[in-house]
Every structure is written in C-alpha cells, then in structure tokens.
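Written below as structure tokens is the structure these notes are about.
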Amino acid sequence: MSKFKKKKGGEIPAVNTASLPDIVFMLLFFFMVATVMRQNTLMIENNLPFADQVEKLDKKDLVMYIYAGKPSENYKQFGNETRIQLNDKFAEVREIAAFIAAERASKREELIPFLTTALKVDSNANMGLIGDIKQELRKVNALKINYTTKKGSVLGN
Amino acid sequence: MAKRAAPEVNAGSMADIAFLLLIFFLVTTTIETDSGLNRKLPPIEETEPPVIKQKNIFTVLLNGQDQLLVEDEIMEIKDLRAAAIAFLDNGGDKSCSFCTGKKDPESSDNPAKAIISLKNERETKYKAYIAVQNELVAAYNELRNKRAQALYGTSFAEMEANFKDVNWPGSKDALKKKIEQIKLDYPQKLSEVQ
C-alpha cells in the first residue's frame with residue numbers, strides 16, 4: 001500500500017508561468033497588427049447604419065472622409081442639430097468644396113479621378129443634410145461616393 | 001583565469017512590460033469600418049432630361065416618418081427587393097430574351113429602359129434611406145447574379161471579386177468583357193430626385 005502513498009503533504013505545485021510572456025506577446029502582436037490609428041478625432045456621434053450589399057473600400061489613401069452626426073457628449077455646446085465634421089473640426093456645407101479641393105491638392109495628379117468620398121453619417125441624421133452634401137459634391141465634380149455602413153441586415157436598422 | 005559565465009538577465013518583468021504595451025494597444029484599437037455602398041452621383045447637366053414613359057419608372061418615395069410608398073402603394077421594406085426585381089425583370093415589350101418576369105405590358109419594357117426613381121424628404125432618417133438603397137442595389141445584384149449564372153456559370157459577385165484580385169490566374173480582359181456584358185443586360189439605373 002505504501003506504494004500509492006503520496007510522497008509529501010498534499011501541496012499543489014505552483015503553476016508554471018514561464019510561458020505567460022509568450023502568450024501576452026502573441027496578443028500584443030495581434031493588436032499591434034490589427035490597430036488602425038484613427039486619422040480624425042470624432043466630435044460627433046457616429047453610429048453607422050447597417051447594410052448587406054457592401055463593397056470593400058480598398059486603397060485607403062484614395063478616400064476622403066466626411067463625417068456627420070449630432071455633436072457628442074463633450075461637445076454639447078455646439079447644439080443638438082446634426083453637424084458635418086471635416087478633418088478635426090465642425091464645418092458648414094459650403095466648406096465642403098474647399099475641403100475637396102485641399103484633399104485633391106494633396107494627392108498626386110494622376111490619382112485624382114480615383115478619389116472616393118466616404119460619407120460616414122450617423123444613422124439618425126436627416127436626409128436633408130445628406131442631400132446638401134451630395135449637391136455640394138456634384139458642384140465640385142466629386143461624383144464617386146460611398147455610404148459607409150456596418151455589415152448586417154437592413155432590418156436591424 | 002577561470003571562465004566566468006555571464007549573469008542571466010532576469011526576465012521576470014518581461015510579462016509586465018508586454019502587458020503594458022498590450023493594454024495600450026487594446027485601448028487605442030478601433031476596428032474601422034471601411035466598407036459600404038458605392039454610388040455614383042449624376043453630374044450637373046443643363047440639358048433637358050429625356051421624356052420617359054411612366055410605365056418604365058418605378059417610383060419609391062420615403063416620407064419624413066420613414067414610411068415607404070412604392071408605385072403609389074404603401075410597402076414594407078422587406079417586400080421592396082422582390083417588388084423591384086419584378087419590375088426590372090418584367091420585359092413588357094418582349095425584346096428581352098432572358099427576362100423571366102410576367103411580361104406585363106403595364107410594367108417596364110425591358111431592363112435597359114427600366115428606371116428606379118428614389119425620392120426622399122429632408123426629414124427622412126439616414127438609416128431608412130440606406131435600407132432602401134441597400135434593397136434596390138440588392139435587387140440589381142440578384143438579377144445580375146442570375147444572369148451571370150446563366151451565361152457563364154458563376155455569380156456576378158464572384159466575377160467582380162476575381163477581377164479585383166491581383167492573384168487571380170485567368171484572363172482579366174475576357175473577364176472584363178463578361179462583366180461589361182452583364183452590366184449592359186442589367187444596367188443600374190437608379191435616379192434620385194432632388
């Protein structure tokens with residue numbers, strides 16, 4: 001019987017944590033690779049709507065972003081109405097033309113026809129503002145647009 | 001002189017450093033959405049629009065309360081896709097050999113002439129508008145997929161994916177011709193009323 005007796009008192013051996021750094025590094029590398037640093041700090045609520053017929057926007061450097069939505073919690077002094085955000089500040093509809101011109105000037109000339117304007121608009125925004133933005137874009141001949149959406153069923157909207 | 005072993009570096013705090021970095025990246029990560037519905041705006045033209053027969057226009061109206069009126073009838077968003085397909089694929093003048101619709105003379109002549117007209121009000125919510133846009137694009141995509149399946153035995157979405165894929169081994173020129181052919185059969189004529 002003594003064969004089956006435990007050698008020492010029944011103490012549980014300590015868990016070996018030597019591989020903990022490896023696991024953490026693995027996670028770290030995943031997040032480092034997956035991270036996209038935001039270009040703009042959003043000052044608006046930007047809860048995108050859902051759609052399922054989406055196409056991917058490739059060539060990130062050929063995209064101009066126009067954001068729209070209600071000012072978020074920290075910017076309540078700008079009111080409750082839906083506002084446009086260009087780069088890092090609030091803008092009026094008439095400033096879009098200048099914004100597009102500036103974006104175009106910063107790109108190489110041969111790439112200008114391939115520029116796409118991505119509209120990142122909050123799902124609760126009114127279409128009136130979007131109509132104004134589109135009209136403004138037509139005026140400056142920036143006709144390729146993309147309504148950025150999350151992937152999902154439209155019935156979830 | 002005796003050979004002295006270099007003292008081992010204590011790696012006990014390695015995990016702490018890695019955790020610190022990990023937490024930083026966890027906090028700063030925002031998985032950005034970079035997909036959406038691609039559309040093309042019409043250029044501003046001074047010319048008079050051509051006269052179009054009423055039966056070739058499929059009117060979709062979205063009011064300020066996000067209610068949908070399709071061809072003067074109230075409709076739910078889930079029925080819109082089927083209604084749009086039925087309209088586009090009708091083939092009323094029998095010139096379209098591949099249409100599988102009802103050939104109703106009261107509805108559209110052929111897919112090349114059929115136009116979907118979308119009108120919304122200023123108070124319409126963006127999400128309702130996107131839902132309608134999505135359903136209409138879905139209607140076109142479904143018809144194109146069906147046509148591609150019949151002509152080339154593959155779906156239109158797959159053809160477009162292959163066309164964009166740089167590693168695709170086949171002939172891009174031939175594929176482009178096929179894509180153009182299907183776009184010709186079912187042109188996306190979606191006009192928005194200002």
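Here's how to read the names in the structure tokens: chain A, B, ... by the order shown, residue numbers from 1 in each chain, ligand numbers from 1 in the order shown.
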Contact check, chain A to chain B, at most 9 Å, counting only C-alpha atoms, closest pairs as JSON lines:
```
{"residue": "A:Ala18", "atom": "CA", "partner": "B:Gly12", "partner_atom": "CA", "distance": 8.6}
{"residue": "A:Leu20", "atom": "CA", "partner": "B:Ala15", "partner_atom": "CA", "distance": 6.7}
{"residue": "A:Pro21", "atom": "CA", "partner": "B:Ala15", "partner_atom": "CA", "distance": 4.5}
{"residue": "A:Asp22", "atom": "CA", "partner": "B:Ala15", "partner_atom": "CA", "distance": 8.2}
{"residue": "A:Val24", "atom": "CA", "partner": "B:Ala18", "partner_atom": "CA", "distance": 6.3}
{"residue": "A:Phe25", "atom": "CA", "partner": "B:Ala18", "partner_atom": "CA", "distance": 6.1}
{"residue": "A:Leu27", "atom": "CA", "partner": "B:Leu22", "partner_atom": "CA", "distance": 7.0}
{"residue": "A:Leu28", "atom": "CA", "partner": "B:Leu22", "partner_atom": "CA", "distance": 4.7}
{"residue": "A:Phe29", "atom": "CA", "partner": "B:Leu22", "partner_atom": "CA", "distance": 8.3}
{"residue": "A:Phe31", "atom": "CA", "partner": "B:Phe25", "partner_atom": "CA", "distance": 6.0}
{"residue": "A:Met32", "atom": "CA", "partner": "B:Phe25", "partner_atom": "CA", "distance": 6.3}
{"residue": "A:Ala34", "atom": "CA", "partner": "B:Ile31", "partner_atom": "CA", "distance": 7.6}
{"residue": "A:Thr35", "atom": "CA", "partner": "B:Thr29", "partner_atom": "CA", "distance": 4.9}
{"residue": "A:Val36", "atom": "CA", "partner": "B:Thr29", "partner_atom": "CA", "distance": 6.6}
{"residue": "A:Met37", "atom": "CA", "partner": "B:Thr29", "partner_atom": "CA", "distance": 7.1}
{"residue": "A:Arg38", "atom": "CA", "partner": "B:Thr30", "partner_atom": "CA", "distance": 7.4}
{"residue": "A:Leu48", "atom": "CA", "partner": "B:Lys127", "partner_atom": "CA", "distance": 8.2}
{"residue": "A:Pro49", "atom": "CA", "partner": "B:Lys127", "partner_atom": "CA", "distance": 5.4}
{"residue": "A:Phe50", "atom": "CA", "partner": "B:Ala131", "partner_atom": "CA", "distance": 7.6}
{"residue": "A:Ala51", "atom": "CA", "partner": "B:Asn134", "partner_atom": "CA", "distance": 6.0}
{"residue": "A:Asp52", "atom": "CA", "partner": "B:Asn134", "partner_atom": "CA", "distance": 7.0}
{"residue": "A:Gln53", "atom": "CA", "partner": "B:Asn134", "partner_atom": "CA", "distance": 6.1}
{"residue": "A:Val54", "atom": "CA", "partner": "B:Gly36", "partner_atom": "CA", "distance": 4.6}
{"residue": "A:Glu55", "atom": "CA", "partner": "B:Ser35", "partner_atom": "CA", "distance": 5.5}
{"residue": "A:Lys56", "atom": "CA", "partner": "B:Ser35", "partner_atom": "CA", "distance": 4.3}
{"residue": "A:Leu57", "atom": "CA", "partner": "B:Ser35", "partner_atom": "CA", "distance": 5.2}
{"residue": "A:Asp58", "atom": "CA", "partner": "B:Asp34", "partner_atom": "CA", "distance": 7.9}
{"residue": "A:Lys60", "atom": "CA", "partner": "B:Asp34", "partner_atom": "CA", "distance": 8.5}
{"residue": "A:Ala118", "atom": "CA", "partner": "B:Gly36", "partner_atom": "CA", "distance": 8.5}
{"residue": "A:Val121", "atom": "CA", "partner": "B:Tyr126", "partner_atom": "CA", "distance": 7.6}
{"residue": "A:Asp122", "atom": "CA", "partner": "B:Tyr126", "partner_atom": "CA", "distance": 7.4}
{"residue": "A:Ser123", "atom": "CA", "partner": "B:Lys127", "partner_atom": "CA", "distance": 4.7}
{"residue": "A:Asn124", "atom": "CA", "partner": "B:Lys125", "partner_atom": "CA", "distance": 5.7}
{"residue": "A:Ala125", "atom": "CA", "partner": "B:Tyr126", "partner_atom": "CA", "distance": 5.4}
{"residue": "A:Asn126", "atom": "CA", "partner": "B:Lys125", "partner_atom": "CA", "distance": 4.7}
{"residue": "A:Met127", "atom": "CA", "partner": "B:Arg122", "partner_atom": "CA", "distance": 5.0}
{"residue": "A:Gly128", "atom": "CA", "partner": "B:Arg122", "partner_atom": "CA", "distance": 3.7}
{"residue": "A:Leu129", "atom": "CA", "partner": "B:Arg122", "partner_atom": "CA", "distance": 7.5}
{"residue": "A:Ile130", "atom": "CA", "partner": "B:Tyr126", "partner_atom": "CA", "distance": 8.1}
{"residue": "A:Gly131", "atom": "CA", "partner": "B:Gln194", "partner_atom": "CA", "distance": 7.6}
{"residue": "A:Lys134", "atom": "CA", "partner": "B:Leu41", "partner_atom": "CA", "distance": 7.6}
{"residue": "A:Gln135", "atom": "CA", "partner": "B:Gln194", "partner_atom": "CA", "distance": 8.8}
{"residue": "A:Leu137", "atom": "CA", "partner": "B:Leu41", "partner_atom": "CA", "distance": 8.4}
{"residue": "A:Arg138", "atom": "CA", "partner": "B:Pro43", "partner_atom": "CA", "distance": 6.0}
{"residue": "A:Lys139", "atom": "CA", "partner": "B:Ile44", "partner_atom": "CA", "distance": 7.0}
{"residue": "A:Asn141", "atom": "CA", "partner": "B:Pro43", "partner_atom": "CA", "distance": 6.8}
{"residue": "A:Ala142", "atom": "CA", "partner": "B:Leu41", "partner_atom": "CA", "distance": 8.1}
{"residue": "A:Leu143", "atom": "CA", "partner": "B:Leu41", "partner_atom": "CA", "distance": 4.8}
{"residue": "A:Lys144", "atom": "CA", "partner": "B:Lys40", "partner_atom": "CA", "distance": 4.9}
{"residue": "A:Ile145", "atom": "CA", "partner": "B:Arg39", "partner_atom": "CA", "distance": 5.4}
{"residue": "A:Asn146", "atom": "CA", "partner": "B:Asn38", "partner_atom": "CA", "distance": 4.3}
{"residue": "A:Tyr147", "atom": "CA", "partner": "B:Leu37", "partner_atom": "CA", "distance": 5.1}
{"residue": "A:Thr148", "atom": "CA", "partner": "B:Gly36", "partner_atom": "CA", "distance": 4.1}
{"residue": "A:Thr149", "atom": "CA", "partner": "B:Gly36", "partner_atom": "CA", "distance": 4.8}
{"residue": "A:Lys150", "atom": "CA", "partner": "B:Thr33", "partner_atom": "CA", "distance": 6.6}
{"residue": "A:Lys151", "atom": "CA", "partner": "B:Ser35", "partner_atom": "CA", "distance": 8.0}
{"residue": "A:Ser153", "atom": "CA", "partner": "B:Ala131", "partner_atom": "CA", "distance": 8.8}
{"residue": "A:Val154", "atom": "CA", "partner": "B:Ala131", "partner_atom": "CA", "distance": 5.3}
{"residue": "A:Leu155", "atom": "CA", "partner": "B:Lys78", "partner_atom": "CA", "distance": 7.6}
{"residue": "A:Asn157", "atom": "CA", "partner": "B:Lys127", "partner_atom": "CA", "distance": 6.2}
```
Can you tell me, as a ChimeraX atom specification, what residues are no more than 12 Å from Glu160 of chain B when counting only C-alpha atoms, ignoring any on the same chain fewer than 2 positions away?
/A:55-56 /B:141,144-145,148,154-158,162-166,168,172,175-180,182-183
Dump C-alpha atoms for the selected residues as a PDB file, in the first residue's frame?
```pdb
ATOM      1  CA  GLU A  55     -18.328  46.589 -51.198  1.00  0.00           C
ATOM      2  CA  LYS A  56     -14.964  46.992 -49.595  1.00  0.00           C
TER       3      LYS A  56
ATOM      4  CA  ASN B 141     -27.210  42.337 -57.758  1.00  0.00           C
ATOM      5  CA  ARG B 144     -27.005  40.215 -62.337  1.00  0.00           C
ATOM      6  CA  ASN B 145     -26.018  37.136 -60.391  1.00  0.00           C
ATOM      7  CA  ALA B 148     -24.076  35.591 -64.833  1.00  0.00           C
ATOM      8  CA  THR B 154     -20.569  31.783 -61.991  1.00  0.00           C
ATOM      9  CA  SER B 155     -22.071  34.578 -59.957  1.00  0.00           C
ATOM     10  CA  PHE B 156     -21.562  38.227 -60.779  1.00  0.00           C
ATOM     11  CA  ALA B 157     -20.235  38.968 -57.304  1.00  0.00           C
ATOM     12  CA  GLU B 158     -17.595  36.296 -57.784  1.00  0.00           C
ATOM     13  CA  ASN B 162     -11.910  37.861 -59.263  1.00  0.00           C
ATOM     14  CA  PHE B 163     -11.466  40.995 -61.325  1.00  0.00           C
ATOM     15  CA  LYS B 164     -10.172  42.874 -58.306  1.00  0.00           C
ATOM     16  CA  ASP B 165      -7.998  40.019 -57.094  1.00  0.00           C
ATOM     17  CA  VAL B 166      -4.419  40.515 -58.311  1.00  0.00           C
ATOM     18  CA  TRP B 168      -6.435  35.564 -59.992  1.00  0.00           C
ATOM     19  CA  LYS B 172      -8.649  39.818 -66.939  1.00  0.00           C
ATOM     20  CA  LEU B 175     -13.457  38.732 -67.577  1.00  0.00           C
ATOM     21  CA  LYS B 176     -13.884  42.450 -68.045  1.00  0.00           C
ATOM     22  CA  LYS B 177     -15.835  41.810 -71.264  1.00  0.00           C
ATOM     23  CA  LYS B 178     -18.102  39.388 -69.434  1.00  0.00           C
ATOM     24  CA  ILE B 179     -18.712  41.876 -66.644  1.00  0.00           C
ATOM     25  CA  GLU B 180     -19.464  44.604 -69.150  1.00  0.00           C
ATOM     26  CA  ILE B 182     -23.871  41.700 -67.728  1.00  0.00           C
ATOM     27  CA  LYS B 183     -23.817  45.352 -66.813  1.00  0.00           C
TER      28      LYS B 183
END
```
Just the helix (DSSP H, G or I) stuff from segment 1-172 of chain B, please, per backbone DSSP, written as a PyMOL selection string.
chain B and resi 14-28+54-56+77-88+126-152+156-164+172
DSSP-assigned strand (DSSP E) among chain A, expressed as a PyMOL selection string
chain A and resi 50-51+55-56+63-69+83-86+89-91+116-121+144-148+150-151
Using only C-alpha atoms: which of A:Ile112, A:Ala101, A:Val140, A:Ile133 has the shortest distance to Gln85 of chain A:
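The answer is A:Ile133, which sits nearest to Gln85 of chain A.
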